[in-house]
$ cat target-v9.cif   # mmCIF, C-alpha atoms
data_data
loop_
_atom_site.group_PDB
_atom_site.id
_atom_site.type_symbol
_atom_site.label_atom_id
_atom_site.label_comp_id
_atom_site.auth_asym_id
_atom_site.auth_seq_id
_atom_site.Cartn_x
_atom_site.Cartn_y
_atom_site.Cartn_z
ATOM 1 C CA MET A 1 -49.238 81.495 27.164
ATOM 2 C CA PRO A 2 -51.406 82.585 24.195
ATOM 3 C CA LYS A 3 -53.008 79.900 22.108
ATOM 4 C CA ARG A 4 -51.562 79.221 18.681
ATOM 5 C CA LYS A 5 -53.898 80.023 15.806
ATOM 6 C CA VAL A 6 -54.551 77.148 13.391
ATOM 7 C CA LEU A 7 -56.339 78.029 10.167
ATOM 8 C CA ILE A 8 -58.457 75.257 8.625
ATOM 9 C CA PRO A 9 -59.624 76.102 5.076
ATOM 10 C CA LEU A 10 -62.802 74.245 4.072
ATOM 11 C CA ASP A 11 -64.827 74.194 0.873
ATOM 12 C CA GLY A 12 -68.055 72.666 2.165
ATOM 13 C CA SER A 13 -67.200 69.105 1.110
ATOM 14 C CA ASP A 14 -66.750 66.000 3.265
ATOM 15 C CA PHE A 15 -63.395 65.672 1.547
ATOM 16 C CA SER A 16 -62.076 68.916 3.041
ATOM 17 C CA ARG A 17 -63.613 68.256 6.475
ATOM 18 C CA GLN A 18 -61.403 65.213 7.084
ATOM 19 C CA ILE A 19 -58.560 67.472 8.165
ATOM 20 C CA VAL A 20 -60.608 68.596 11.200
ATOM 21 C CA ARG A 21 -60.309 65.154 12.818
ATOM 22 C CA ILE A 22 -56.551 65.170 12.278
ATOM 23 C CA VAL A 23 -56.192 68.607 13.884
ATOM 24 C CA ARG A 24 -58.279 67.519 16.886
ATOM 25 C CA ASN A 25 -55.991 64.569 17.508
ATOM 26 C CA PHE A 26 -52.801 66.574 17.086
ATOM 27 C CA PHE A 27 -53.742 69.516 19.305
ATOM 28 C CA GLU A 28 -55.414 69.755 22.687
ATOM 29 C CA PRO A 29 -58.174 72.361 23.220
ATOM 30 C CA ASP A 30 -55.987 74.361 25.613
ATOM 31 C CA ASP A 31 -53.195 74.684 23.036
ATOM 32 C CA VAL A 32 -54.889 76.196 20.000
ATOM 33 C CA GLU A 33 -57.524 78.519 18.642
ATOM 34 C CA LEU A 34 -59.102 77.026 15.509
ATOM 35 C CA ILE A 35 -60.321 79.173 12.644
ATOM 36 C CA LEU A 36 -62.621 77.469 10.134
ATOM 37 C CA PHE A 37 -62.151 79.400 6.917
ATOM 38 C CA ARG A 38 -64.330 79.482 3.830
ATOM 39 C CA ALA A 39 -63.500 81.491 0.712
ATOM 40 C CA ALA A 40 -65.836 81.863 -2.239
ATOM 41 C CA PHE A 41 -66.403 84.068 -5.227
ATOM 42 C CA PRO A 42 -69.115 86.657 -4.558
ATOM 43 C CA PRO A 43 -72.514 86.255 -6.207
ATOM 44 C CA VAL A 44 -73.282 88.213 -9.356
ATOM 45 C CA LEU A 45 -76.475 90.236 -9.176
ATOM 46 C CA PRO A 46 -79.039 88.770 -11.590
ATOM 47 C CA SER A 47 -80.003 91.039 -14.464
ATOM 48 C CA GLU A 48 -83.662 91.106 -13.403
ATOM 49 C CA SER A 49 -82.585 93.075 -10.319
ATOM 50 C CA SER A 50 -81.782 96.075 -12.520
ATOM 51 C CA PRO A 51 -84.562 98.572 -13.102
ATOM 52 C CA THR A 52 -85.486 97.747 -16.726
ATOM 53 C CA ASP A 53 -87.613 100.845 -17.119
ATOM 54 C CA ILE A 54 -84.519 103.004 -16.724
ATOM 55 C CA PHE A 55 -81.747 100.842 -18.250
ATOM 56 C CA ALA A 56 -81.446 99.327 -21.694
ATOM 57 C CA GLY A 57 -78.218 97.564 -22.497
ATOM 58 C CA GLY A 58 -76.679 99.018 -19.353
ATOM 59 C CA MET A 59 -77.384 102.634 -20.351
ATOM 60 C CA PRO A 60 -80.011 104.999 -18.964
ATOM 61 C CA ILE A 61 -82.854 105.666 -21.386
ATOM 62 C CA THR A 62 -84.968 108.097 -19.429
ATOM 63 C CA GLY A 63 -84.798 110.623 -16.656
ATOM 64 C CA SER A 64 -81.989 112.767 -15.287
ATOM 65 C CA TYR A 65 -78.634 111.792 -13.858
ATOM 66 C CA GLU A 66 -80.281 112.008 -10.466
ATOM 67 C CA VAL A 67 -82.646 109.224 -11.505
ATOM 68 C CA TYR A 68 -79.703 107.316 -12.950
ATOM 69 C CA ASN A 69 -77.734 107.640 -9.699
ATOM 70 C CA ARG A 70 -80.710 106.471 -7.649
ATOM 71 C CA ALA A 71 -81.000 103.453 -9.897
ATOM 72 C CA LEU A 72 -77.328 102.681 -9.427
ATOM 73 C CA ASP A 73 -77.657 103.028 -5.660
ATOM 74 C CA SER A 74 -80.592 100.637 -5.722
ATOM 75 C CA THR A 75 -78.618 98.127 -7.779
ATOM 76 C CA TYR A 76 -75.589 98.318 -5.479
ATOM 77 C CA ALA A 77 -77.808 97.946 -2.403
ATOM 78 C CA ALA A 78 -79.378 94.817 -3.897
ATOM 79 C CA LEU A 79 -75.915 93.449 -4.657
ATOM 80 C CA ASP A 80 -74.732 94.138 -1.096
ATOM 81 C CA GLN A 81 -77.805 92.371 0.256
ATOM 82 C CA GLU A 82 -77.203 89.399 -2.033
ATOM 83 C CA ARG A 83 -73.560 89.170 -0.949
ATOM 84 C CA GLU A 84 -74.459 89.365 2.733
ATOM 85 C CA GLN A 85 -77.112 86.660 2.401
ATOM 86 C CA PHE A 86 -74.630 84.398 0.642
ATOM 87 C CA ARG A 87 -72.022 85.083 3.343
ATOM 88 C CA LEU A 88 -74.506 84.112 6.041
ATOM 89 C CA GLN A 89 -75.386 80.954 4.116
ATOM 90 C CA LEU A 90 -71.719 79.927 3.967
ATOM 91 C CA ALA A 91 -71.289 80.689 7.674
ATOM 92 C CA GLU A 92 -74.352 78.557 8.487
ATOM 93 C CA GLU A 93 -72.778 75.650 6.597
ATOM 94 C CA LEU A 94 -69.769 75.902 8.925
ATOM 95 C CA ALA A 95 -71.925 76.166 12.056
ATOM 96 C CA PRO A 96 -72.246 72.388 12.745
ATOM 97 C CA ASP A 97 -68.461 71.963 12.583
ATOM 98 C CA VAL A 98 -67.941 74.987 14.810
ATOM 99 C CA GLN A 99 -70.403 73.644 17.385
ATOM 100 C CA LYS A 100 -68.842 70.168 17.457
ATOM 101 C CA LEU A 101 -65.424 71.662 18.106
ATOM 102 C CA ARG A 102 -66.771 73.959 20.832
ATOM 103 C CA ASP A 103 -68.510 71.010 22.467
ATOM 104 C CA ALA A 104 -65.110 69.295 22.527
ATOM 105 C CA GLY A 105 -63.641 72.280 24.381
ATOM 106 C CA TYR A 106 -61.920 74.115 21.543
ATOM 107 C CA THR A 107 -61.853 77.847 21.039
ATOM 108 C CA VAL A 108 -63.123 78.150 17.489
ATOM 109 C CA ARG A 109 -64.524 80.742 15.133
ATOM 110 C CA CYS A 110 -65.452 80.853 11.481
ATOM 111 C CA GLN A 111 -64.373 83.314 8.817
ATOM 112 C CA VAL A 112 -65.941 83.799 5.389
ATOM 113 C CA ASP A 113 -64.153 85.902 2.780
ATOM 114 C CA TYR A 114 -64.915 86.695 -0.839
ATOM 115 C CA GLY A 115 -62.328 86.205 -3.541
ATOM 116 C CA GLU A 116 -60.000 83.660 -5.101
ATOM 117 C CA PRO A 117 -59.600 80.977 -2.392
ATOM 118 C CA ALA A 118 -55.805 80.679 -2.357
ATOM 119 C CA GLN A 119 -55.297 84.445 -2.262
ATOM 120 C CA CYS A 120 -57.921 84.812 0.470
ATOM 121 C CA ILE A 121 -56.070 82.252 2.598
ATOM 122 C CA VAL A 122 -52.703 83.931 2.047
ATOM 123 C CA ASP A 123 -54.102 87.397 2.824
ATOM 124 C CA PHE A 124 -55.806 86.173 5.997
ATOM 125 C CA VAL A 125 -52.614 84.480 7.228
ATOM 126 C CA THR A 126 -50.597 87.620 6.500
ATOM 127 C CA ASP A 127 -53.060 89.995 8.149
ATOM 128 C CA THR A 128 -53.956 88.020 11.279
ATOM 129 C CA GLY A 129 -50.760 86.276 12.356
ATOM 130 C CA VAL A 130 -51.893 82.676 11.920
ATOM 131 C CA ASP A 131 -49.359 80.180 13.324
ATOM 132 C CA MET A 132 -50.240 77.157 11.192
ATOM 133 C CA ILE A 133 -52.459 76.058 8.293
ATOM 134 C CA ALA A 134 -54.084 72.611 8.132
ATOM 135 C CA MET A 135 -55.906 71.525 4.997
ATOM 136 C CA ALA A 136 -56.834 68.579 2.807
ATOM 137 C CA THR A 137 -55.538 68.555 -0.748
ATOM 138 C CA HIS A 138 -56.104 66.636 -3.964
ATOM 139 C CA GLY A 139 -52.543 65.340 -4.415
ATOM 140 C CA ARG A 140 -51.821 63.799 -7.796
ATOM 141 C CA GLY A 141 -49.101 61.252 -8.528
ATOM 142 C CA GLY A 142 -45.558 61.546 -7.260
ATOM 143 C CA LEU A 143 -44.041 63.262 -4.284
ATOM 144 C CA GLY A 144 -42.743 66.043 -6.511
ATOM 145 C CA ARG A 145 -46.388 66.942 -7.266
ATOM 146 C CA LEU A 146 -47.675 66.297 -3.769
ATOM 147 C CA VAL A 147 -49.706 69.485 -3.855
ATOM 148 C CA MET A 148 -50.843 69.818 -7.452
ATOM 149 C CA GLY A 149 -54.146 71.142 -6.218
ATOM 150 C CA SER A 150 -53.884 74.778 -7.258
ATOM 151 C CA VAL A 151 -55.091 76.183 -3.930
ATOM 152 C CA ALA A 152 -52.684 74.152 -1.783
ATOM 153 C CA GLU A 153 -49.796 74.796 -4.159
ATOM 154 C CA ARG A 154 -50.327 78.566 -4.174
ATOM 155 C CA VAL A 155 -50.686 78.664 -0.396
ATOM 156 C CA LEU A 156 -47.449 76.712 0.084
ATOM 157 C CA ARG A 157 -45.594 79.037 -2.264
ATOM 158 C CA SER A 158 -46.875 82.167 -0.571
ATOM 159 C CA VAL A 159 -46.796 81.672 3.224
ATOM 160 C CA SER A 160 -43.978 81.251 5.702
ATOM 161 C CA VAL A 161 -45.936 79.429 8.429
ATOM 162 C CA PRO A 162 -46.055 75.612 8.734
ATOM 163 C CA VAL A 163 -48.675 73.914 6.556
ATOM 164 C CA LEU A 164 -50.119 70.527 7.527
ATOM 165 C CA LEU A 165 -51.458 68.808 4.401
ATOM 166 C CA MET A 166 -53.497 65.623 4.195
ATOM 167 C CA ARG A 167 -54.347 63.869 0.950
ATOM 168 C CA PRO A 168 -57.514 61.837 1.578
ATOM 169 C CA ASP A 169 -58.263 58.670 -0.368
ATOM 170 C CA VAL A 170 -61.034 59.682 -2.768
ATOM 171 C CA GLN A 171 -61.884 56.089 -3.698
ATOM 172 C CA ALA A 172 -62.156 55.151 -0.037
ATOM 173 C CA ILE A 173 -64.494 58.066 0.555
ATOM 174 C CA ALA A 174 -66.712 57.002 -2.341
ATOM 175 C CA ALA A 175 -66.769 53.403 -1.089
ATOM 176 C CA ASP A 176 -67.359 54.508 2.505
ATOM 177 C CA LYS A 177 -64.139 52.841 3.584
ATOM 178 C CA PRO A 178 -61.672 54.135 6.206
ATOM 179 C CA THR A 179 -59.168 56.541 4.653
ATOM 180 C CA ALA A 180 -55.509 56.926 5.537
ATOM 181 C CA GLY A 181 -56.354 60.165 7.326
ATOM 182 C CA ALA A 182 -59.117 58.480 9.312
ATOM 183 C CA GLY A 183 -56.734 55.664 10.229
ATOM 184 C CA LEU A 184 -54.204 58.186 11.507
ATOM 185 C CA ALA A 185 -56.891 59.907 13.560
ATOM 186 C CA ARG A 186 -57.969 56.616 15.132
ATOM 187 C CA SER A 187 -54.373 55.729 15.919
ATOM 188 C CA LEU A 188 -53.872 59.063 17.632
ATOM 189 C CA GLY A 189 -57.153 58.720 19.502
ATOM 190 C CA ARG A 190 -56.137 55.319 20.859
ATOM 191 C CA GLY A 191 -52.723 56.581 21.868
ATOM 192 C CA GLY A 192 -51.069 54.351 19.289
ATOM 193 C CA ALA A 193 -47.581 54.998 17.955
ATOM 194 C CA VAL A 194 -47.543 57.297 14.950
ATOM 195 C CA ARG A 195 -44.774 56.910 12.391
ATOM 196 C CA ILE A 196 -43.407 60.375 11.661
ATOM 197 C CA ALA A 197 -40.768 61.191 9.054
ATOM 198 C CA ALA A 198 -38.924 64.415 8.231
ATOM 199 C CA ALA A 199 -36.551 65.167 5.386
ATOM 200 C CA THR A 200 -33.625 67.559 4.971
ATOM 201 C CA ASP A 201 -31.090 68.205 2.243
ATOM 202 C CA GLY A 202 -28.866 70.228 4.537
ATOM 203 C CA SER A 203 -30.176 73.640 3.571
ATOM 204 C CA PRO A 204 -30.918 76.097 6.402
ATOM 205 C CA THR A 205 -34.608 76.318 5.483
ATOM 206 C CA ALA A 206 -35.001 72.534 5.374
ATOM 207 C CA GLN A 207 -34.140 72.437 9.062
ATOM 208 C CA HIS A 208 -37.619 73.798 9.787
ATOM 209 C CA ALA A 209 -39.124 70.547 8.535
ATOM 210 C CA MET A 210 -36.839 68.629 10.878
ATOM 211 C CA GLU A 211 -37.756 70.900 13.768
ATOM 212 C CA MET A 212 -41.465 70.400 13.083
ATOM 213 C CA GLY A 213 -40.971 66.630 12.973
ATOM 214 C CA ALA A 214 -39.009 66.709 16.222
ATOM 215 C CA SER A 215 -41.673 68.859 17.911
ATOM 216 C CA LEU A 216 -44.482 66.506 16.879
ATOM 217 C CA THR A 217 -42.407 63.493 17.945
ATOM 218 C CA CYS A 218 -41.898 64.900 21.433
ATOM 219 C CA ARG A 219 -45.574 65.862 21.789
ATOM 220 C CA LEU A 220 -46.907 62.534 20.571
ATOM 221 C CA GLY A 221 -44.222 60.244 21.992
ATOM 222 C CA SER A 222 -43.618 58.815 18.541
ATOM 223 C CA GLN A 223 -40.571 57.597 16.658
ATOM 224 C CA LEU A 224 -39.108 59.988 14.121
ATOM 225 C CA THR A 225 -37.339 58.818 10.989
ATOM 226 C CA ALA A 226 -35.008 61.518 9.674
ATOM 227 C CA TYR A 227 -34.218 61.211 5.982
ATOM 228 C CA VAL A 228 -30.926 63.003 5.368
ATOM 229 C CA ILE A 229 -30.475 63.493 1.643
ATOM 230 C CA ALA A 230 -27.258 64.399 -0.136
ATOM 231 C CA GLY A 231 -27.217 65.307 -3.800
ATOM 232 C CA ASP A 232 -25.482 62.884 -6.147
ATOM 233 C CA ARG A 233 -23.081 65.673 -7.133
ATOM 234 C CA GLN A 234 -21.959 66.348 -3.576
ATOM 235 C CA THR A 235 -18.635 65.073 -2.306
ATOM 236 C CA SER A 236 -18.349 62.573 0.523
ATOM 237 C CA ALA A 237 -17.233 65.343 2.872
ATOM 238 C CA GLN A 238 -20.297 67.438 1.989
ATOM 239 C CA ALA A 239 -22.629 64.483 2.523
ATOM 240 C CA GLN A 240 -21.076 63.786 5.918
ATOM 241 C CA LYS A 241 -21.550 67.425 6.905
ATOM 242 C CA VAL A 242 -25.257 67.225 6.046
ATOM 243 C CA MET A 243 -25.556 64.201 8.360
ATOM 244 C CA ARG A 244 -23.582 65.878 11.174
ATOM 245 C CA ASP A 245 -25.733 69.023 10.973
ATOM 246 C CA ALA A 246 -28.949 66.978 11.032
ATOM 247 C CA ASN A 247 -27.714 64.957 13.990
ATOM 248 C CA ALA A 248 -26.729 68.099 15.877
ATOM 249 C CA ALA A 249 -30.157 69.655 15.258
ATOM 250 C CA MET A 250 -31.831 66.608 16.818
ATOM 251 C CA GLN A 251 -29.793 66.430 20.043
ATOM 252 C CA GLN A 252 -32.785 67.391 22.198
ATOM 253 C CA CYS A 253 -35.258 65.095 20.454
ATOM 254 C CA THR A 254 -36.573 62.235 22.615
ATOM 255 C CA PRO A 255 -36.667 59.451 21.618
ATOM 256 C CA ARG A 256 -33.680 59.828 19.333
ATOM 257 C CA PRO A 257 -34.586 59.797 15.623
ATOM 258 C CA ASN A 258 -33.688 56.978 13.322
ATOM 259 C CA PHE A 259 -31.381 58.620 10.744
ATOM 260 C CA VAL A 260 -31.541 57.283 7.186
ATOM 261 C CA PRO A 261 -28.915 58.628 4.749
ATOM 262 C CA LEU A 262 -30.033 58.894 1.123
ATOM 263 C CA VAL A 263 -28.305 60.075 -2.034
ATOM 264 C CA GLY A 264 -29.989 61.521 -5.095
ATOM 265 C CA TYR A 265 -32.733 63.917 -6.139
ATOM 266 C CA ILE A 266 -34.894 64.579 -3.076
ATOM 267 C CA ASP A 267 -38.301 63.859 -4.680
ATOM 268 C CA ASP A 268 -37.218 60.610 -6.308
ATOM 269 C CA VAL A 269 -35.325 59.089 -3.396
ATOM 270 C CA LEU A 270 -37.998 60.056 -0.881
ATOM 271 C CA LEU A 271 -40.754 58.520 -2.965
ATOM 272 C CA GLN A 272 -38.777 55.300 -3.346
ATOM 273 C CA GLN A 273 -37.998 55.172 0.381
ATOM 274 C CA LEU A 274 -41.592 55.822 1.432
ATOM 275 C CA GLU A 275 -42.784 53.017 -0.807
ATOM 276 C CA LYS A 276 -40.429 50.685 1.069
ATOM 277 C CA GLN A 277 -41.002 52.057 4.561
ATOM 278 C CA GLN A 278 -44.524 53.334 5.183
ATOM 279 C CA GLN A 279 -44.990 56.422 7.340
ATOM 280 C CA ASP A 280 -48.089 58.049 8.818
ATOM 281 C CA LEU A 281 -46.930 61.645 8.531
ATOM 282 C CA LEU A 282 -44.206 63.327 6.490
ATOM 283 C CA CYS A 283 -42.733 66.738 7.361
ATOM 284 C CA LEU A 284 -41.275 68.188 4.189
ATOM 285 C CA LEU A 285 -40.377 71.785 3.454
ATOM 286 C CA TYR A 286 -41.812 73.059 0.178
ATOM 287 C CA THR A 287 -40.038 76.079 -1.267
ATOM 288 C CA SER A 288 -40.977 78.254 -4.170
ATOM 289 C CA PRO A 289 -38.642 77.955 -7.169
ATOM 290 C CA SER A 290 -36.474 80.923 -7.999
ATOM 291 C CA PRO A 291 -37.281 83.031 -11.084
ATOM 292 C CA ARG A 292 -34.357 81.366 -12.867
ATOM 293 C CA ASP A 293 -35.783 77.849 -12.450
#
$ encode --input "target-v9.cif" --output "structure tokens"
Amino acid sequence: MPKRKVLIPLDGSDFSRQIVRIVRNFFEPDDVELILFRAAFPPVLPSESSPTDIFAGGMPITGSYEVYNRALDSTYAALDQEREQFRLQLAEELAPDVQKLRDAGYTVRCQVDYGEPAQCIVDFVTDTGVDMIAMATHGRGGLGRLVMGSVAERVLRSVSVPVLLMRPDVQAIAADKPTAGAGLARSLGRGGAVRIAAATDGSPTAQHAMEMGASLTCRLGSQLTAYVIAGDRQTSAQAQKVMRDANAAMQQCTPRPNFVPLVGYIDDVLLQQLEKQQQDLLCLLYTSPSPRD
């Protein structure tokens, strides 16, 4: 059976690297191929690299077009060299992480692309058949804005593969204290029970979040809490159907999930529920709004 490809976007910071520990504890080396991904804007060739004896204000001042073309070729060659050196520098920054993962038995490679980070991630996923993305994100206030970080938000809106997001505790990082992500990794490493939750509003696409939660529950031997949410404008019969469909989708899940019926707007009721009942991991489908929204 071929290994599933898990893409791990990094930006060179300790903040982004925290997701690597989570991935290691979720997936065994024989199950996945890990791709450490770095995207960056290409370097701009410094002006002193241009032949000043030929150019003034970007225009040739002496010689023929042949001289002008040679000067352009020289400038482009210098730019290509600069870009390649920068690419190698970024790859070298990933090398320690690559080696640690290989020492742990993982199949791993690094990929460095030039361009806007979110678009680079989306293009790579589309072109190479990645099975899952795992990344840290700067979430800001409220479940409805769980992924306000522009890169994570754009990726979520643009890909159809599962995305595992972790929001590290910035204050804990600064104070050198254990973060929530680090606590989850330690719990997984010790074989401790992980509290997993998944949410559905009854829509066909939301079932994917439930399926992901069920899959992780079976693999980790954890307890799944299934939040089944009915809109406050739905009738009792419609709400009951949402619960029946969710229950039917979880027939093969062992152990059986703990179903929690909720009524209201999905972001609000989920946030309130999670404040009351803490979870380690939430599986939630994020869909792009329609043009009419």
$ atom_distance --input "target-v9.cif" --atom1 "CA of Arg157 (chain A)" --atom2 "CA of Ala198 (chain A)"
19.2 Å
$ atom_distance --input "target-v9.cif" --atom1 "CA of Glu84 (chain A)" --atom2 "CA of Glu116 (chain A)"
17.4 Å
$ atom_distance --input "target-v9.cif" --atom1 "CA of Thr235 (chain A)" --atom2 "CA of Arg256 (chain A)"
26.9 Å
$ resolve_selection --input "target-v9.cif" --expression "the PyMOL selection byres ((chain A and resi 199) around 12)" --output "VMD selection string"
chain A and resid 196 to 198 200 to 203 205 to 214 224 to 230 242 to 243 246 257 to 262 266 to 267 269 to 271 273 to 274 281 to 286
$ residues_around --input "target-v9.cif" --residues "Glu33 (chain A)" --least-positions-apart "5" --cutoff "8 Å" --atoms "all atoms listed in the file" --output "number ranges by chain"
A: 3-6, 106-108
$ closest_residue --input "target-v9.cif" --among "A:Val112, A:Val263, A:Ala248, A:Cys253" --to "Gln223 (chain A)" --atoms "only C-alpha atoms"
A:Cys253
$ closest_residue --input "target-v9.cif" --among "A:Pro117, A:Lys276, A:Gly231, A:Asp14" --to "Gly264 (chain A)" --atoms "only C-alpha atoms"
A:Gly231
$ closest_residue --input "target-v9.cif" --among "A:Val151, A:Ala136, A:Ala249, A:Val159" --to "Pro204 (chain A)" --atoms "all atoms listed in the file"
A:Ala249
$ closest_residue --input "target-v9.cif" --among "A:Leu36, A:Pro96, A:Leu216, A:Ile19" --to "Asp113 (chain A)" --atoms "all atoms listed in the file"
A:Leu36
$ build_atoms --input "target-v9.cif" --residues "region 250-277 of chain A" --atoms "N, CA and C atoms" --output "mmCIF file, in the coordinates of the input"
data_model
loop_
_atom_site.group_PDB
_atom_site.id
_atom_site.type_symbol
_atom_site.label_atom_id
_atom_site.label_comp_id
_atom_site.auth_asym_id
_atom_site.auth_seq_id
_atom_site.Cartn_x
_atom_site.Cartn_y
_atom_site.Cartn_z
ATOM 1 N N MET A 250 -30.899 67.510 16.153
ATOM 2 C CA MET A 250 -31.831 66.608 16.818
ATOM 3 C C MET A 250 -31.349 66.162 18.200
ATOM 4 N N GLN A 251 -30.361 66.831 18.763
ATOM 5 C CA GLN A 251 -29.793 66.430 20.043
ATOM 6 C C GLN A 251 -30.832 66.384 21.162
ATOM 7 N N GLN A 252 -31.807 67.308 21.114
ATOM 8 C CA GLN A 252 -32.785 67.391 22.198
ATOM 9 C C GLN A 252 -34.027 66.551 21.941
ATOM 10 N N CYS A 253 -34.066 65.867 20.817
ATOM 11 C CA CYS A 253 -35.258 65.095 20.454
ATOM 12 C C CYS A 253 -35.288 63.760 21.210
ATOM 13 N N THR A 254 -36.407 63.484 21.867
ATOM 14 C CA THR A 254 -36.573 62.235 22.615
ATOM 15 C C THR A 254 -37.891 61.580 22.207
ATOM 16 N N PRO A 255 -37.857 60.296 21.792
ATOM 17 C CA PRO A 255 -36.667 59.451 21.618
ATOM 18 C C PRO A 255 -35.824 59.894 20.428
ATOM 19 N N ARG A 256 -34.590 59.440 20.401
ATOM 20 C CA ARG A 256 -33.680 59.828 19.333
ATOM 21 C C ARG A 256 -34.199 59.346 17.988
ATOM 22 N N PRO A 257 -34.093 60.189 16.945
ATOM 23 C CA PRO A 257 -34.586 59.797 15.623
ATOM 24 C C PRO A 257 -33.761 58.656 15.025
ATOM 25 N N ASN A 258 -34.376 57.976 14.110
ATOM 26 C CA ASN A 258 -33.688 56.978 13.322
ATOM 27 C C ASN A 258 -33.222 57.665 12.039
ATOM 28 N N PHE A 259 -31.916 57.898 11.891
ATOM 29 C CA PHE A 259 -31.381 58.620 10.744
ATOM 30 C C PHE A 259 -31.174 57.670 9.563
ATOM 31 N N VAL A 260 -31.675 58.076 8.406
ATOM 32 C CA VAL A 260 -31.541 57.283 7.186
ATOM 33 C C VAL A 260 -30.863 58.145 6.124
ATOM 34 N N PRO A 261 -29.599 57.848 5.790
ATOM 35 C CA PRO A 261 -28.915 58.628 4.749
ATOM 36 C C PRO A 261 -29.365 58.185 3.356
ATOM 37 N N LEU A 262 -29.628 59.160 2.494
ATOM 38 C CA LEU A 262 -30.033 58.894 1.123
ATOM 39 C C LEU A 262 -29.226 59.777 0.174
ATOM 40 N N VAL A 263 -29.053 59.317 -1.041
ATOM 41 C CA VAL A 263 -28.305 60.075 -2.034
ATOM 42 C C VAL A 263 -29.126 60.148 -3.316
ATOM 43 N N GLY A 264 -29.277 61.353 -3.842
ATOM 44 C CA GLY A 264 -29.989 61.521 -5.095
ATOM 45 C C GLY A 264 -30.890 62.737 -5.064
ATOM 46 N N TYR A 265 -31.783 62.817 -6.061
ATOM 47 C CA TYR A 265 -32.733 63.917 -6.139
ATOM 48 C C TYR A 265 -33.813 63.712 -5.089
ATOM 49 N N ILE A 266 -34.098 64.728 -4.290
ATOM 50 C CA ILE A 266 -34.894 64.579 -3.076
ATOM 51 C C ILE A 266 -36.270 63.970 -3.349
ATOM 52 N N ASP A 267 -36.968 64.405 -4.408
ATOM 53 C CA ASP A 267 -38.301 63.859 -4.680
ATOM 54 C C ASP A 267 -38.241 62.369 -4.996
ATOM 55 N N ASP A 268 -37.299 62.006 -5.863
ATOM 56 C CA ASP A 268 -37.218 60.610 -6.308
ATOM 57 C C ASP A 268 -36.847 59.662 -5.170
ATOM 58 N N VAL A 269 -35.789 60.010 -4.432
ATOM 59 C CA VAL A 269 -35.325 59.089 -3.396
ATOM 60 C C VAL A 269 -36.321 59.002 -2.242
ATOM 61 N N LEU A 270 -36.996 60.097 -1.946
ATOM 62 C CA LEU A 270 -37.998 60.056 -0.881
ATOM 63 C C LEU A 270 -39.179 59.173 -1.275
ATOM 64 N N LEU A 271 -39.629 59.332 -2.513
ATOM 65 C CA LEU A 271 -40.754 58.520 -2.965
ATOM 66 C C LEU A 271 -40.402 57.036 -2.918
ATOM 67 N N GLN A 272 -39.203 56.697 -3.381
ATOM 68 C CA GLN A 272 -38.777 55.300 -3.346
ATOM 69 C C GLN A 272 -38.693 54.778 -1.919
ATOM 70 N N GLN A 273 -38.158 55.602 -1.003
ATOM 71 C CA GLN A 273 -37.998 55.172 0.381
ATOM 72 C C GLN A 273 -39.351 54.994 1.065
ATOM 73 N N LEU A 274 -40.285 55.901 0.791
ATOM 74 C CA LEU A 274 -41.592 55.822 1.432
ATOM 75 C C LEU A 274 -42.411 54.649 0.912
ATOM 76 N N GLU A 275 -42.126 54.215 -0.301
ATOM 77 C CA GLU A 275 -42.784 53.017 -0.807
ATOM 78 C C GLU A 275 -42.276 51.767 -0.089
ATOM 79 N N LYS A 276 -41.005 51.819 0.351
ATOM 80 C CA LYS A 276 -40.429 50.685 1.069
ATOM 81 C C LYS A 276 -40.796 50.717 2.545
ATOM 82 N N GLN A 277 -40.783 51.912 3.127
ATOM 83 C CA GLN A 277 -41.002 52.057 4.561
ATOM 84 C C GLN A 277 -42.158 53.031 4.779
#
